[in-house]
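See structure below.
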Amino acid sequence: FLAVNSSWAKGDNPPQVFQQAYQIEEVNIEGNILNIYKGNSSFDTEREIAIDLGANPYKEDKFSSLPDIRMGLGSVIRLYRAPMYTLIDGNKSLTLRSWQKTVGALLDEKNVVLGKDDKINFATNSELEPGMEIKIVRVAKTEVIEKESIDYKVIEKEDPNLERGKTRVEQYGQEGVRQLTYEVIRENGEEISKTLIKNKVTKEPVSKILIVGTKIISYGTGKASWRSEERSVGKE
């Protein structure tokens, strides 16, 4: 279809390019003709001719031609559009085109890998139907460790040698530490559950010991008195 003399030099006649007339029929999976493209092209493959005539084929699309374009007579080319599917993978929405027959085969072809905890709305052996919407929920399980304090106790001890109402600290208290391990499950990045799976005390609390006085001290009570001395004056 291209007659080119590769040895031509300046001043020679330029290469002669032959164009042929083509008709491209865009066909869906049911065999219905969606669009027709007509025009001349000098390309020699169905895909290149389809692009040249504005049909914009996808890489998954297929072709047939009658007569064979290699005969150089012009052809009717059928452009078979690959079935289209929507894949919602986590938070992403993708448009996929494929001639595969099952959901699992489609995912394999597109290198979509399912994790062992992931969810999908169709079994992988389900037959594909044009326009099918496949949803994958990405499930992530992680362990999260949190720490919380443990209050200490206050122990009171009586001391009969310490005045009642007075106290002193014999031992200061210290808070303990508890380590909590949770299994957190997220679907498409959103937390849906948090389950406690381990509860461990990593530091025991230390009790506060408070000495409380019980000694009662009595202070003397009474009435102060003063005696007046009387001076007797005798008669002389």
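Each chain in the structure tokens gets a letter, A, B, ..., in the order shown, and its residues are numbered from 1; ligands are numbered from 1 in order too.
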| request: Considering only C-alpha atoms, return as JSON, numbers by chain whatever protein or nucleic-acid residues lie within 6 Å of range 90-102 of chain A, sequence-local ones (same chain, fewer than 6 positions apart) excluded. | output: {"A": [82, 83, 84, 125, 126, 127, 128, 136, 137, 138, 188]}
Limited to C-alpha atoms, could you put the picked residues into a file as a PDB file, in the first residue's frame?
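Output below, filename out-v1.pdb:
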```
ATOM      1  CA  ALA A  82     -14.019  -4.956  23.828  1.00  0.00           C
ATOM      2  CA  PRO A  83     -16.687  -5.306  26.544  1.00  0.00           C
ATOM      3  CA  MET A  84     -16.386  -2.634  29.199  1.00  0.00           C
ATOM      4  CA  ASN A 125     -15.478 -17.677  38.890  1.00  0.00           C
ATOM      5  CA  SER A 126     -18.542 -15.558  38.082  1.00  0.00           C
ATOM      6  CA  GLU A 127     -19.127 -14.995  34.363  1.00  0.00           C
ATOM      7  CA  LEU A 128     -18.626 -11.446  33.171  1.00  0.00           C
ATOM      8  CA  ILE A 136     -13.404  -4.633  45.908  1.00  0.00           C
ATOM      9  CA  VAL A 137     -13.241  -3.603  49.541  1.00  0.00           C
ATOM     10  CA  ARG A 138      -9.662  -3.429  50.714  1.00  0.00           C
ATOM     11  CA  ASN A 188     -10.892   1.206  52.299  1.00  0.00           C
TER      12      ASN A 188
END
```
Alpha helix (DSSP H) per DSSP on the backbone: members of range 4-170 of chain A, as a tab-separated table (two decimals) with all heavy atoms, in the first residue's frame:
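part.tsv, written as the output of this step:
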```tsv
chain	number	residue	atom	x	y	z
A	46	GLU	N	-4.96	-2.61	10.31
A	46	GLU	CA	-6.31	-2.18	10.68
A	46	GLU	C	-6.29	-1.11	11.78
A	46	GLU	O	-7.03	-0.13	11.72
A	46	GLU	CB	-7.14	-3.37	11.17
A	46	GLU	CG	-7.56	-4.34	10.08
A	46	GLU	CD	-6.65	-5.55	10.02
A	46	GLU	OE1	-5.50	-5.45	10.52
A	46	GLU	OE2	-7.07	-6.59	9.46
A	47	ARG	N	-5.44	-1.32	12.80
A	47	ARG	CA	-5.39	-0.37	13.91
A	47	ARG	C	-4.94	1.01	13.45
A	47	ARG	O	-5.54	2.03	13.82
A	47	ARG	CB	-4.48	-0.90	15.02
A	47	ARG	CG	-4.45	-0.02	16.27
A	47	ARG	CD	-3.69	-0.71	17.41
A	47	ARG	NE	-4.37	-1.94	17.80
A	47	ARG	CZ	-5.41	-2.00	18.63
A	47	ARG	NH1	-5.87	-0.87	19.17
A	47	ARG	NH2	-5.97	-3.15	18.93
A	48	GLU	N	-3.89	1.07	12.64
A	48	GLU	CA	-3.40	2.36	12.15
A	48	GLU	C	-4.43	3.05	11.27
A	48	GLU	O	-4.60	4.28	11.33
A	48	GLU	CB	-2.10	2.16	11.38
A	48	GLU	CG	-0.91	1.77	12.25
A	48	GLU	CD	0.34	1.46	11.43
A	48	GLU	OE1	0.22	0.76	10.40
A	48	GLU	OE2	1.42	1.94	11.82
A	49	ILE	N	-5.11	2.26	10.45
A	49	ILE	CA	-6.15	2.84	9.58
A	49	ILE	C	-7.30	3.39	10.43
A	49	ILE	O	-7.82	4.48	10.18
A	49	ILE	CB	-6.67	1.79	8.57
A	49	ILE	CG1	-5.54	1.40	7.60
A	49	ILE	CG2	-7.88	2.32	7.81
A	49	ILE	CD1	-5.85	0.17	6.77
A	50	ALA	N	-7.67	2.62	11.48
A	50	ALA	CA	-8.76	3.07	12.36
A	50	ALA	C	-8.39	4.37	13.06
A	50	ALA	O	-9.21	5.30	13.17
A	50	ALA	CB	-9.07	1.98	13.39
A	51	ILE	N	-7.16	4.47	13.51
A	51	ILE	CA	-6.71	5.72	14.14
A	51	ILE	C	-6.72	6.85	13.12
A	51	ILE	O	-7.17	7.98	13.42
A	51	ILE	CB	-5.30	5.53	14.74
A	51	ILE	CG1	-5.34	4.53	15.90
A	51	ILE	CG2	-4.74	6.87	15.23
A	51	ILE	CD1	-3.97	4.13	16.42
A	52	ASP	N	-6.25	6.56	11.91
A	52	ASP	CA	-6.17	7.58	10.85
A	52	ASP	C	-7.55	8.11	10.50
A	52	ASP	O	-7.72	9.31	10.21
A	52	ASP	CB	-5.51	6.97	9.63
A	52	ASP	CG	-5.07	8.01	8.60
A	52	ASP	OD1	-4.82	9.16	9.02
A	52	ASP	OD2	-4.97	7.67	7.41
A	103	VAL	N	-14.70	-13.09	36.20
A	103	VAL	CA	-14.19	-11.99	37.03
A	103	VAL	C	-12.74	-12.22	37.40
A	103	VAL	O	-11.90	-11.33	37.31
A	103	VAL	CB	-15.05	-11.84	38.30
A	103	VAL	CG1	-14.42	-10.85	39.28
A	103	VAL	CG2	-16.47	-11.40	37.94
A	104	GLY	N	-12.41	-13.45	37.80
A	104	GLY	CA	-11.05	-13.75	38.19
A	104	GLY	C	-10.06	-13.58	37.05
A	104	GLY	O	-8.95	-13.05	37.24
A	105	ALA	N	-10.46	-14.00	35.85
A	105	ALA	CA	-9.58	-13.85	34.68
A	105	ALA	C	-9.36	-12.38	34.34
A	105	ALA	O	-8.26	-11.98	33.94
A	105	ALA	CB	-10.17	-14.59	33.49
A	106	LEU	N	-10.40	-11.58	34.50
A	106	LEU	CA	-10.28	-10.14	34.25
A	106	LEU	C	-9.29	-9.52	35.23
A	106	LEU	O	-8.41	-8.74	34.84
A	106	LEU	CB	-11.65	-9.47	34.38
A	106	LEU	CG	-11.65	-7.94	34.34
A	106	LEU	CD1	-11.20	-7.43	32.99
A	106	LEU	CD2	-13.05	-7.40	34.68
A	107	LEU	N	-9.42	-9.86	36.52
A	107	LEU	CA	-8.52	-9.30	37.53
A	107	LEU	C	-7.09	-9.73	37.27
A	107	LEU	O	-6.15	-8.92	37.41
A	107	LEU	CB	-8.97	-9.72	38.93
A	107	LEU	CG	-10.36	-9.24	39.37
A	107	LEU	CD1	-10.65	-9.71	40.79
A	107	LEU	CD2	-10.50	-7.73	39.26
A	108	ASP	N	-6.91	-10.99	36.88
A	108	ASP	CA	-5.56	-11.47	36.57
A	108	ASP	C	-4.96	-10.71	35.39
A	108	ASP	O	-3.79	-10.32	35.41
A	108	ASP	CB	-5.59	-12.97	36.27
A	108	ASP	CG	-5.84	-13.81	37.52
A	108	ASP	OD1	-5.65	-13.28	38.63
A	108	ASP	OD2	-6.23	-14.98	37.38
A	109	GLU	N	-5.77	-10.51	34.37
A	109	GLU	CA	-5.28	-9.82	33.17
A	109	GLU	C	-4.85	-8.39	33.49
A	109	GLU	O	-3.86	-7.88	32.94
A	109	GLU	CB	-6.37	-9.80	32.10
A	109	GLU	CG	-5.96	-9.11	30.81
A	109	GLU	CD	-7.12	-9.03	29.82
A	109	GLU	OE1	-8.03	-8.19	30.03
A	109	GLU	OE2	-7.12	-9.80	28.86
```
| Atom-to-atom span, CA of Tyr172 in chain A and CA of Pro160 in chain A, Å |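 Computing the Euclidean distance for CA of Tyr172 in chain A and CA of Pro160 in chain A yields 21.1 Å.
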| message | Let's see if you can do this: from backbone DSSP, list all strand (DSSP E) residues in range 59-208 of chain A, as a VMD selection string. | response | chain A and resid 62 to 66 75 to 80 84 to 89 92 to 97 119 to 120 133 to 137 139 to 150 154 to 163 167 to 171 176 to 187 190 to 203 208
Just-selected residues, C-alpha atoms written as a PDB file, in the first residue's frame:
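Result file again_21.pdb:
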```
ATOM      1  CA  LYS A  62     -10.165  -6.427  17.800  1.00  0.00           C
ATOM      2  CA  PHE A  63     -10.398  -6.161  14.002  1.00  0.00           C
ATOM      3  CA  SER A  64     -11.366  -8.079  10.927  1.00  0.00           C
ATOM      4  CA  SER A  65     -11.287  -6.904   7.292  1.00  0.00           C
ATOM      5  CA  LEU A  66     -12.892  -7.954   4.016  1.00  0.00           C
ATOM      6  CA  SER A  75     -11.542  -2.934   2.685  1.00  0.00           C
ATOM      7  CA  VAL A  76     -14.458  -2.892   5.036  1.00  0.00           C
ATOM      8  CA  ILE A  77     -12.860  -3.121   8.465  1.00  0.00           C
ATOM      9  CA  ARG A  78     -14.847  -4.221  11.464  1.00  0.00           C
ATOM     10  CA  LEU A  79     -13.762  -2.737  14.764  1.00  0.00           C
ATOM     11  CA  TYR A  80     -15.020  -4.929  17.604  1.00  0.00           C
ATOM     12  CA  MET A  84     -16.386  -2.634  29.199  1.00  0.00           C
ATOM     13  CA  TYR A  85     -16.552  -3.069  32.978  1.00  0.00           C
ATOM     14  CA  THR A  86     -16.302  -0.801  35.989  1.00  0.00           C
ATOM     15  CA  LEU A  87     -13.953  -1.770  38.794  1.00  0.00           C
ATOM     16  CA  ILE A  88     -14.283   0.054  42.100  1.00  0.00           C
ATOM     17  CA  ASP A  89     -11.081  -0.887  43.862  1.00  0.00           C
ATOM     18  CA  LYS A  92     -10.569   4.186  43.069  1.00  0.00           C
ATOM     19  CA  SER A  93     -12.930   3.757  40.139  1.00  0.00           C
ATOM     20  CA  LEU A  94     -11.464   2.219  36.982  1.00  0.00           C
ATOM     21  CA  THR A  95     -12.879   1.455  33.532  1.00  0.00           C
ATOM     22  CA  LEU A  96     -11.655  -1.883  32.198  1.00  0.00           C
ATOM     23  CA  ARG A  97     -12.007  -3.398  28.730  1.00  0.00           C
ATOM     24  CA  LYS A 119     -13.917  -8.512  49.992  1.00  0.00           C
ATOM     25  CA  ILE A 120     -15.404  -8.652  46.486  1.00  0.00           C
ATOM     26  CA  GLU A 133     -19.665  -3.204  38.234  1.00  0.00           C
ATOM     27  CA  ILE A 134     -17.132  -5.068  40.337  1.00  0.00           C
ATOM     28  CA  LYS A 135     -16.452  -3.779  43.833  1.00  0.00           C
ATOM     29  CA  ILE A 136     -13.404  -4.633  45.908  1.00  0.00           C
ATOM     30  CA  VAL A 137     -13.241  -3.603  49.541  1.00  0.00           C
ATOM     31  CA  VAL A 139      -9.449  -4.818  54.238  1.00  0.00           C
ATOM     32  CA  ALA A 140      -6.444  -4.059  56.423  1.00  0.00           C
ATOM     33  CA  LYS A 141      -5.916  -5.661  59.825  1.00  0.00           C
ATOM     34  CA  THR A 142      -3.362  -4.118  62.140  1.00  0.00           C
ATOM     35  CA  GLU A 143      -2.438  -4.355  65.801  1.00  0.00           C
ATOM     36  CA  VAL A 144      -2.419  -1.117  67.749  1.00  0.00           C
ATOM     37  CA  ILE A 145      -0.842  -0.829  71.203  1.00  0.00           C
ATOM     38  CA  GLU A 146      -2.119   1.699  73.694  1.00  0.00           C
ATOM     39  CA  LYS A 147      -1.036   2.393  77.265  1.00  0.00           C
ATOM     40  CA  GLU A 148      -3.073   3.546  80.217  1.00  0.00           C
ATOM     41  CA  SER A 149      -2.182   4.383  83.786  1.00  0.00           C
ATOM     42  CA  ILE A 150      -3.265   2.347  86.817  1.00  0.00           C
ATOM     43  CA  VAL A 154      -3.680   4.747  99.557  1.00  0.00           C
ATOM     44  CA  ILE A 155      -3.079   2.664 102.670  1.00  0.00           C
ATOM     45  CA  GLU A 156      -3.527   4.319 106.048  1.00  0.00           C
ATOM     46  CA  LYS A 157      -1.633   3.091 109.096  1.00  0.00           C
ATOM     47  CA  GLU A 158      -2.397   4.293 112.562  1.00  0.00           C
ATOM     48  CA  ASP A 159       0.426   5.521 114.745  1.00  0.00           C
ATOM     49  CA  PRO A 160      -0.389   5.857 118.456  1.00  0.00           C
ATOM     50  CA  ASN A 161       2.735   7.948 118.948  1.00  0.00           C
ATOM     51  CA  LEU A 162       1.688  10.569 116.420  1.00  0.00           C
ATOM     52  CA  GLU A 163      -0.681  13.249 117.535  1.00  0.00           C
ATOM     53  CA  THR A 167      -0.252  12.587 109.133  1.00  0.00           C
ATOM     54  CA  ARG A 168       3.008  11.793 107.460  1.00  0.00           C
ATOM     55  CA  VAL A 169       3.877   9.911 104.264  1.00  0.00           C
ATOM     56  CA  GLU A 170       5.837   6.743 104.822  1.00  0.00           C
ATOM     57  CA  GLN A 171       5.871   5.732 101.132  1.00  0.00           C
ATOM     58  CA  GLY A 176       1.242   1.535  87.250  1.00  0.00           C
ATOM     59  CA  VAL A 177       1.079   1.000  83.481  1.00  0.00           C
ATOM     60  CA  ARG A 178      -1.256  -1.254  81.546  1.00  0.00           C
ATOM     61  CA  GLN A 179      -0.576  -2.168  77.892  1.00  0.00           C
ATOM     62  CA  LEU A 180      -3.634  -2.783  75.742  1.00  0.00           C
ATOM     63  CA  THR A 181      -3.325  -4.429  72.324  1.00  0.00           C
ATOM     64  CA  TYR A 182      -6.184  -3.978  69.849  1.00  0.00           C
ATOM     65  CA  GLU A 183      -6.887  -5.520  66.473  1.00  0.00           C
ATOM     66  CA  VAL A 184      -8.039  -2.694  64.235  1.00  0.00           C
ATOM     67  CA  ILE A 185      -9.865  -3.478  60.995  1.00  0.00           C
ATOM     68  CA  ARG A 186     -10.115  -0.853  58.277  1.00  0.00           C
ATOM     69  CA  GLU A 187     -12.103  -1.084  55.072  1.00  0.00           C
ATOM     70  CA  GLU A 190     -11.911   3.656  57.271  1.00  0.00           C
ATOM     71  CA  GLU A 191     -11.834   2.044  60.707  1.00  0.00           C
ATOM     72  CA  ILE A 192     -14.808  -0.269  61.195  1.00  0.00           C
ATOM     73  CA  SER A 193     -13.831  -2.213  64.325  1.00  0.00           C
ATOM     74  CA  LYS A 194     -11.396  -2.167  67.217  1.00  0.00           C
ATOM     75  CA  THR A 195     -11.180  -5.291  69.350  1.00  0.00           C
ATOM     76  CA  LEU A 196      -9.121  -5.769  72.515  1.00  0.00           C
ATOM     77  CA  ILE A 197      -7.020  -8.908  72.090  1.00  0.00           C
ATOM     78  CA  LYS A 198      -4.397  -8.529  74.849  1.00  0.00           C
ATOM     79  CA  ASN A 199      -4.343  -6.863  78.260  1.00  0.00           C
ATOM     80  CA  LYS A 200      -1.015  -6.829  80.097  1.00  0.00           C
ATOM     81  CA  VAL A 201       0.229  -4.959  83.153  1.00  0.00           C
ATOM     82  CA  THR A 202       3.780  -3.857  82.374  1.00  0.00           C
ATOM     83  CA  LYS A 203       4.325  -1.947  85.613  1.00  0.00           C
ATOM     84  CA  LYS A 208       0.971   5.183  99.030  1.00  0.00           C
TER      85      LYS A 208
END
```
| query | From the set A:Lys110, A:Arg81, A:Ser218, A:Val212, which residue has the shortest atom-to-atom contact distance to Asn32 in chain A, counting only C-alpha atoms? | reply | A:Arg81
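Straight-line separation from CA of Pro130 in chain A to CA of Ile36 in chain A: 21.8 Å.
Nearest residue to Met71 in chain A among A:Gly31, A:Gln20, A:Asp117, A:Asn56 is A:Gln20, counting only C-alpha atoms.
Closest to Tyr22 in chain A among A:Arg164, A:Lys38, A:Arg70, A:Lys215 is A:Lys38, based on only C-alpha atoms.
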